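Student: Below you will find the structure I want to go over with you.
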Amino acid sequence: MLDIEVHSKHYQANPSQGRRLVLDDIHINLQAGEFLAVVGPSGCGKSTLLHIVAGLDKDFEGHISWQEGVENQPRLGYVFQNPRLLPWLNVRDNIGLVLDDPSANRQEIDALLEATGLMPFSHYHPSQLSVGMQRRAALARAFVVKPSLLLMDEPFVSLDSPSALQLRELLLEILSVRRTTVIFVTHDLHEATMLADRILFFSTSPARIVGESRVDIPRHSRNDERAIDACYRELQQRFTQIYQQSRFSPSSDPQQAD
Amino acid sequence: MLAVNFRRLLSILLLVALWYAAALWWGNSLLPAPDAVVKMVWQEALSGQLWHHLTATLRRVLISFVIAMLIGSVIGIIMGRSRSADQLLDPWLIIFLNIPALVIIILAYVWFGLQELTAIFAIAVNKIPNVVVTLREGARTLDKGYQEMARSFNLGRRKTLLYITLPQLLPFFAVAARSGLSLIWKIVLVVELLGRSDGVGFQLHLYFQLFDVTGILAYSLSFILIMLIIEFGFLQPVERKINRWRG
């Protein structure tokens with residue numbers, strides 16, 4: 001459905017410094033409905049890749065091509081590391097803001113408020129909500145546009161692990177109803193194992209793809225901790241080697257997800 | 001809240017009492033007692049003079065305020081967003097910030113004649129640099145994250161302006177408006193004194209030539225009262241309203 005081909009992406013902090021290579025020959029082919037996780041160390045350029053895919057950053061060598069079956073202007077949903085809700089709008093208006101005609105889509109907004117458990121708080125301003133609830137609102141906002149592609153940039157980072165787990169389960173639940181193509185960036189292999197159909201491993205900067213693996217757990221048994229853990233151990237073993245070669249190991253302990 | 005208001009009232013009453021005592025002690029017409037000033041205000045109000053001059057001044061304040069806010073905001077936001085515009089205009093800004101108000105007023109009258117438009121222009125030019133500085137600061141601190149959110153969700157120009165950019169700039173508009181109004185009403189009197197035939201500044205000039213301190217105090221106190229009403233009755237409630245979401 002989507003072909004991402006980034007030959008190279010350079011970054012220049014200021015004119016006096018040289019250009020630093022951030023992404024090196026990244027080629028990703030995304031199938032419709034696929035959940036792709038990109039795992040790599042913090043600061044390796046994963047977020048830059050999402051920026052490029054979203055069209056926020058056009059200064060790179062390569063191209064992003066949408067294949068047939070996708071309208072000219074693909075709708076994007078984006079869940080950022082920080083929820084980035086507007087503090088001057090309440091939850092409902094924050095979600096409605098990204099729609100062209102919020103009043104016509106009232107039912108859809110209601111359904112997502114219901115699904116994320118935010119219905120009783122729809123008139124609260126973000127500052128009155130807990131961090132976990134703010135992230136749920138950001139999820140609802142991303143899904144309300146019925147995205148052809150959902151980009152998620154470490155959306156559950158800096159949450160305590162029960163809340164993070166709850167949010168992952170919520171994401172799976174929403175996805176089971178609204179099948180969506182997702183690129184999910186994280187440094188947490190366990191999280192990637194629980195959510196993704198396919199995992200790409202990025203090296204330290206400049207980021208290259210150093211490994212790829214499928215997660216063959218059916219979507220409906222993703223809340224089976226034992227199956228996830230078994231798969232996670234297998235993946236971890238297989239890729240510890242790769243990261244040792246590049247002298248790096250991503251945070252492998254889900255409890256330590258910062 | 002009640003105690004605070006009570007203390008404020010007490011402080012004002014104390015000031016009036018001191019004034020009264022000083023006037024009695026000196027016993028000179030150059031320092032009239034409060035009741036003489038109030039009587040004068042009342043007489044001028046009855047004759048229609050007070051209203052005539054107050055509205056003339058107030059009209060100039062409001063028109064030049066709106067003009068200065070509009071032009072100053074546009075320039076300030078452009079300078080805050082574009083580095084090259086900032087570098088180009090910054091020296092001008094510093095010069096205009098440092099020209100004494102009186103110089104601008106005199107030059108404006110000399111070059112453009114003693115007319116209403118010149119007066120309003122001179123007041124606005126005095127205020128514009130302050131608005132520019134404040135709004136430039138606001139535009140510089142615009143959150144990049146919100147901008148990215150707007151772009152990735154394809155919000156478009158209108159929504160981005162209305163829901164993302166302007167709400168972030170509102171506190172800066174409020175600061176510029178409040179400091180602006182107090183600056184403008186001080187300048188407007190000088191403008192009127194130098195080249196208008198109505199307004200509070202003109203009246204002050206007249207009573208100054210007659211050495212009539214009662215008249216000077218009557219007009220300045222009436223005008224201060226109007227500005228206080230605008231501040232507490234309009235500006236502060238509006239500011240509270242737009243800041244409601246900061247809870």
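Following the order of the structure tokens, chains are lettered A, B, ..., residues in each are numbered from 1, and ligands are numbered from 1.
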Could you work out which residues of chain B fall inside 12 Å of chain A? Count only C-alpha atoms, and format the result as a PyMOL selection string.
Tutor: chain B and resi 143-156+158-160+162-168+170+241-247
Student: Let me see the file: selected residues, N, CA and C atoms, as a compact mmCIF listing (two decimals), in the first residue's frame.
Tutor:
```
# COMPACT_ATOMS: atom_id res chain seq x y z
N ASP B 143 4.48 27.09 19.91
CA ASP B 143 4.90 25.71 20.11
C ASP B 143 5.01 24.97 18.77
N LYS B 144 6.18 24.42 18.51
CA LYS B 144 6.41 23.71 17.26
C LYS B 144 5.58 22.43 17.19
N GLY B 145 5.40 21.82 18.35
CA GLY B 145 4.65 20.57 18.41
C GLY B 145 3.22 20.73 17.92
N TYR B 146 2.56 21.82 18.34
CA TYR B 146 1.19 22.05 17.89
C TYR B 146 1.15 22.27 16.38
N GLN B 147 2.18 22.97 15.89
CA GLN B 147 2.25 23.26 14.46
C GLN B 147 2.35 21.95 13.68
N GLU B 148 3.17 21.04 14.18
CA GLU B 148 3.33 19.73 13.53
C GLU B 148 2.02 18.96 13.56
N MET B 149 1.37 19.03 14.71
CA MET B 149 0.08 18.35 14.84
C MET B 149 -0.88 18.89 13.77
N ALA B 150 -0.94 20.22 13.66
CA ALA B 150 -1.85 20.84 12.69
C ALA B 150 -1.53 20.39 11.26
N ARG B 151 -0.24 20.31 10.96
CA ARG B 151 0.14 19.95 9.60
C ARG B 151 -0.13 18.48 9.31
N SER B 152 0.18 17.60 10.27
CA SER B 152 -0.02 16.18 9.98
C SER B 152 -1.50 15.83 9.90
N PHE B 153 -2.34 16.55 10.64
CA PHE B 153 -3.79 16.29 10.54
C PHE B 153 -4.44 17.15 9.46
N ASN B 154 -3.61 17.90 8.74
CA ASN B 154 -4.12 18.69 7.62
C ASN B 154 -5.20 19.67 8.01
N LEU B 155 -4.94 20.43 9.05
CA LEU B 155 -5.98 21.34 9.56
C LEU B 155 -6.27 22.51 8.62
N GLY B 156 -5.29 22.88 7.80
CA GLY B 156 -5.52 24.02 6.91
C GLY B 156 -5.24 25.34 7.61
N ARG B 158 -6.96 28.25 7.98
CA ARG B 158 -7.95 28.93 8.79
C ARG B 158 -8.01 28.33 10.21
N LYS B 159 -8.12 26.99 10.27
CA LYS B 159 -8.21 26.34 11.57
C LYS B 159 -6.91 26.49 12.36
N THR B 160 -5.78 26.41 11.66
CA THR B 160 -4.50 26.55 12.36
C THR B 160 -4.41 27.92 13.00
N LEU B 162 -6.98 29.99 13.79
CA LEU B 162 -8.00 30.21 14.81
C LEU B 162 -7.79 29.39 16.07
N TYR B 163 -7.39 28.13 15.91
CA TYR B 163 -7.36 27.25 17.07
C TYR B 163 -5.97 26.99 17.61
N ILE B 164 -4.93 27.27 16.81
CA ILE B 164 -3.58 26.95 17.27
C ILE B 164 -2.75 28.19 17.48
N THR B 165 -2.70 29.07 16.48
CA THR B 165 -1.80 30.22 16.59
C THR B 165 -2.39 31.30 17.51
N LEU B 166 -3.62 31.76 17.20
CA LEU B 166 -4.18 32.86 17.97
C LEU B 166 -4.32 32.56 19.47
N PRO B 167 -4.80 31.36 19.85
CA PRO B 167 -4.90 31.12 21.30
C PRO B 167 -3.55 31.21 22.01
N GLN B 168 -2.47 30.84 21.31
CA GLN B 168 -1.17 30.95 21.95
C GLN B 168 -0.73 32.41 22.05
N LEU B 170 -2.89 35.00 22.43
CA LEU B 170 -3.84 35.81 23.20
C LEU B 170 -3.24 36.46 24.45
N LYS B 241 -11.69 35.89 31.23
CA LYS B 241 -12.49 34.99 30.41
C LYS B 241 -11.61 34.18 29.45
N ILE B 242 -10.64 34.85 28.81
CA ILE B 242 -9.82 34.10 27.86
C ILE B 242 -8.81 33.21 28.55
N ASN B 243 -8.58 33.42 29.85
CA ASN B 243 -7.64 32.57 30.57
C ASN B 243 -8.33 31.48 31.37
N ARG B 244 -9.63 31.30 31.13
CA ARG B 244 -10.41 30.37 31.93
C ARG B 244 -9.85 28.95 31.89
N TRP B 245 -9.31 28.55 30.69
CA TRP B 245 -8.87 27.16 30.56
C TRP B 245 -7.64 26.85 31.38
N ARG B 246 -6.88 27.90 31.79
CA ARG B 246 -5.73 27.62 32.67
C ARG B 246 -6.28 27.36 34.04
N GLY B 247 -6.57 26.14 34.36
CA GLY B 247 -7.18 25.93 35.67
C GLY B 247 -6.23 25.34 36.66
```
Student: Determine, counting only C-alpha atoms, which protein, DNA and RNA residues have an atom within 10 Å of an atom of stretch 221-224 of chain A; residues of the same chain fewer than 4 positions away are not included. Present the result as number ranges by chain.
Tutor: A: 165, 168-169, 172-173, 193-196, 217, 228-229
Student: When you look at B:His53 with a cut-off of 7 Å (counting only C-alpha atoms), what residues show up, excluding the ones that are within fewer than 2 positions of it in the same chain? I need them as a PDB file with C-alpha atoms, in the first residue's frame.
Tutor:
```pdb
ATOM      1  CA  GLN B  49     -18.357  70.557  28.506  1.00  0.00           C
ATOM      2  CA  LEU B  50     -16.983  67.590  30.424  1.00  0.00           C
ATOM      3  CA  TRP B  51     -18.731  65.087  28.213  1.00  0.00           C
ATOM      4  CA  THR B  55     -15.489  61.775  24.465  1.00  0.00           C
ATOM      5  CA  ALA B  56     -13.100  63.631  22.138  1.00  0.00           C
ATOM      6  CA  THR B  57     -10.130  62.229  24.056  1.00  0.00           C
ATOM      7  CA  ASP B 198     -10.888  69.876  22.140  1.00  0.00           C
ATOM      8  CA  GLY B 199     -10.193  66.987  24.471  1.00  0.00           C
ATOM      9  CA  VAL B 200      -8.911  66.679  28.004  1.00  0.00           C
TER      10      VAL B 200
END
```
Student: Any idea what's packed within 12 Å of A:Arg106, counting only C-alpha atoms, ignoring anything in its chain fewer than 3 positions away? Could you give it as a PyMOL selection string?
Tutor: chain A and resi 92-93+95-97+99-103+109-113+144
Student: Please produce an output containing N, CA and C atoms for each residue in the selection, written as a PDB file, in the first residue's frame.
Tutor:
```pdb
ATOM      1  N   ARG A  92     -13.692  16.871  23.888  1.00  0.00           N
ATOM      2  CA  ARG A  92     -14.512  16.662  22.693  1.00  0.00           C
ATOM      3  C   ARG A  92     -14.072  17.567  21.546  1.00  0.00           C
ATOM      4  N   ASP A  93     -13.804  18.837  21.855  1.00  0.00           N
ATOM      5  CA  ASP A  93     -13.414  19.769  20.796  1.00  0.00           C
ATOM      6  C   ASP A  93     -12.025  19.456  20.253  1.00  0.00           C
ATOM      7  N   ILE A  95     -10.885  16.480  19.881  1.00  0.00           N
ATOM      8  CA  ILE A  95     -11.065  15.379  18.931  1.00  0.00           C
ATOM      9  C   ILE A  95     -11.758  15.883  17.668  1.00  0.00           C
ATOM     10  N   GLY A  96     -12.770  16.735  17.863  1.00  0.00           N
ATOM     11  CA  GLY A  96     -13.524  17.242  16.716  1.00  0.00           C
ATOM     12  C   GLY A  96     -12.708  18.162  15.820  1.00  0.00           C
ATOM     13  N   LEU A  97     -11.697  18.804  16.406  1.00  0.00           N
ATOM     14  CA  LEU A  97     -10.911  19.788  15.661  1.00  0.00           C
ATOM     15  C   LEU A  97     -10.325  19.229  14.373  1.00  0.00           C
ATOM     16  N   LEU A  99     -11.486  17.081  12.397  1.00  0.00           N
ATOM     17  CA  LEU A  99     -12.463  16.709  11.374  1.00  0.00           C
ATOM     18  C   LEU A  99     -12.916  17.945  10.600  1.00  0.00           C
ATOM     19  N   ASP A 100     -13.262  17.743   9.334  1.00  0.00           N
ATOM     20  CA  ASP A 100     -13.741  18.877   8.546  1.00  0.00           C
ATOM     21  C   ASP A 100     -15.103  19.349   9.042  1.00  0.00           C
ATOM     22  N   ASP A 101     -15.920  18.409   9.431  1.00  0.00           N
ATOM     23  CA  ASP A 101     -17.262  18.750   9.875  1.00  0.00           C
ATOM     24  C   ASP A 101     -17.597  17.962  11.142  1.00  0.00           C
ATOM     25  N   PRO A 102     -17.193  18.480  12.316  1.00  0.00           N
ATOM     26  CA  PRO A 102     -17.353  17.724  13.553  1.00  0.00           C
ATOM     27  C   PRO A 102     -18.811  17.386  13.861  1.00  0.00           C
ATOM     28  N   SER A 103     -19.739  18.301  13.505  1.00  0.00           N
ATOM     29  CA  SER A 103     -21.127  18.038  13.896  1.00  0.00           C
ATOM     30  C   SER A 103     -21.709  16.872  13.107  1.00  0.00           C
ATOM     31  N   ILE A 109     -17.381  10.556  17.007  1.00  0.00           N
ATOM     32  CA  ILE A 109     -16.684  11.110  18.178  1.00  0.00           C
ATOM     33  C   ILE A 109     -17.204  10.447  19.448  1.00  0.00           C
ATOM     34  N   ASP A 110     -18.523  10.329  19.543  1.00  0.00           N
ATOM     35  CA  ASP A 110     -19.107   9.674  20.715  1.00  0.00           C
ATOM     36  C   ASP A 110     -18.595   8.252  20.872  1.00  0.00           C
ATOM     37  N   ALA A 111     -18.544   7.516  19.747  1.00  0.00           N
ATOM     38  CA  ALA A 111     -18.109   6.113  19.802  1.00  0.00           C
ATOM     39  C   ALA A 111     -16.681   6.014  20.326  1.00  0.00           C
ATOM     40  N   LEU A 112     -15.829   6.937  19.876  1.00  0.00           N
ATOM     41  CA  LEU A 112     -14.429   6.885  20.322  1.00  0.00           C
ATOM     42  C   LEU A 112     -14.281   7.354  21.773  1.00  0.00           C
ATOM     43  N   LEU A 113     -15.081   8.344  22.159  1.00  0.00           N
ATOM     44  CA  LEU A 113     -15.069   8.767  23.564  1.00  0.00           C
ATOM     45  C   LEU A 113     -15.486   7.603  24.452  1.00  0.00           C
ATOM     46  N   VAL A 144     -10.258   9.225  14.901  1.00  0.00           N
ATOM     47  CA  VAL A 144     -11.509   9.817  14.460  1.00  0.00           C
ATOM     48  C   VAL A 144     -11.446  10.209  12.978  1.00  0.00           C
TER      49      VAL A 144
END
```
Student: Just checking: using only C-alpha atoms, which residue out of A:Thr116, A:Gln244, A:Thr181, A:Ser161 ends up closest to A:Ala140?
Tutor: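 Comparing A:Thr116, A:Gln244, A:Thr181, A:Ser161 against A:Ala140, the winner is A:Thr116.
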Student: Write out as a ChimeraX atom specification the set of residues from stretch 14-241 of chain A that DSSP, computed on the backbone, places in strand (DSSP E or B).
Tutor: /A:20-30,35-39,61-66,76-79,149-153,182-186,198-202,207,209-214
Student: Write out as a tab-separated table (two decimals) with N, CA and C atoms, in the first residue's frame each polymer residue whose atoms come within 12 Å of B:Asp212, counting only C-alpha atoms; drop sequence neighbours fewer than 4 positions from it.
Tutor:
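Result saved to part04.tsv:
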```
chain	number	residue	atom	x	y	z
B	28	ASN	N	-4.65	77.73	50.13
B	28	ASN	CA	-4.32	78.49	48.93
B	28	ASN	C	-5.13	77.93	47.77
B	29	SER	N	-5.53	78.79	46.85
B	29	SER	CA	-6.34	78.30	45.73
B	29	SER	C	-5.53	77.41	44.79
B	30	LEU	N	-4.20	77.38	44.94
B	30	LEU	CA	-3.39	76.51	44.10
B	30	LEU	C	-3.52	75.05	44.51
B	31	LEU	N	-4.04	74.80	45.72
B	31	LEU	CA	-4.36	73.42	46.10
B	31	LEU	C	-5.79	73.39	46.62
B	32	PRO	N	-6.76	73.22	45.69
B	32	PRO	CA	-8.16	73.22	46.10
B	32	PRO	C	-8.49	71.94	46.87
B	36	ALA	N	-14.17	71.03	46.34
B	36	ALA	CA	-14.18	72.06	45.29
B	36	ALA	C	-14.01	71.42	43.92
B	37	VAL	N	-13.12	70.41	43.85
B	37	VAL	CA	-12.88	69.73	42.58
B	37	VAL	C	-14.13	68.98	42.14
B	40	MET	N	-16.66	71.30	40.77
B	40	MET	CA	-16.27	71.73	39.42
B	40	MET	C	-16.63	70.66	38.39
B	203	GLN	N	-8.17	71.08	27.41
B	203	GLN	CA	-8.71	71.71	28.62
B	203	GLN	C	-7.61	71.93	29.66
B	204	LEU	N	-6.73	70.93	29.81
B	204	LEU	CA	-5.63	71.07	30.77
B	204	LEU	C	-4.77	72.27	30.39
B	205	HIS	N	-4.50	72.40	29.10
B	205	HIS	CA	-3.70	73.52	28.61
B	205	HIS	C	-4.36	74.86	28.96
B	206	LEU	N	-5.67	74.89	28.72
B	206	LEU	CA	-6.44	76.10	29.00
B	206	LEU	C	-6.36	76.47	30.48
B	207	TYR	N	-6.62	75.50	31.36
B	207	TYR	CA	-6.63	75.79	32.80
B	207	TYR	C	-5.23	76.06	33.31
B	208	PHE	N	-4.22	75.50	32.62
B	208	PHE	CA	-2.84	75.78	33.01
B	208	PHE	C	-2.54	77.26	32.75
B	216	ILE	N	-7.79	71.85	36.36
B	216	ILE	CA	-6.84	70.81	35.95
B	216	ILE	C	-7.17	69.50	36.65
B	217	LEU	N	-7.40	69.58	37.96
B	217	LEU	CA	-7.69	68.36	38.72
B	217	LEU	C	-9.04	67.77	38.31
B	218	ALA	N	-10.03	68.63	38.07
B	218	ALA	CA	-11.35	68.14	37.70
B	218	ALA	C	-11.28	67.31	36.43
B	219	TYR	N	-10.55	67.81	35.42
B	219	TYR	CA	-10.48	67.08	34.15
B	219	TYR	C	-9.59	65.83	34.25
```
Student: Using Å and a single decimal, report how far atom CA of A:Ile209 sits from atom CA of A:Gly40.
Tutor: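 Interatomic distance here is 9.4 Å.
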Student: What lies within 12 Å of B:Leu235 using only C-alpha atoms, ignoring chain neighbours under 5 positions off, as a list in words?
Tutor: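 Within the cut-off, the hits are Phe173, Ala174, Val175, Ala176, Ala177, Arg178, Ser179, Gly180, Leu181, Ser182, Met227, Leu228, Ile229, Ile230, Arg240, Lys241 and Ile242 of chain B.
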Student: Quick one: pull the distance between atom CA of A:Thr240 and atom CA of A:Ala207, Å, one decimal.
Tutor: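 Distance reported for this atom pair: 16.9 Å.
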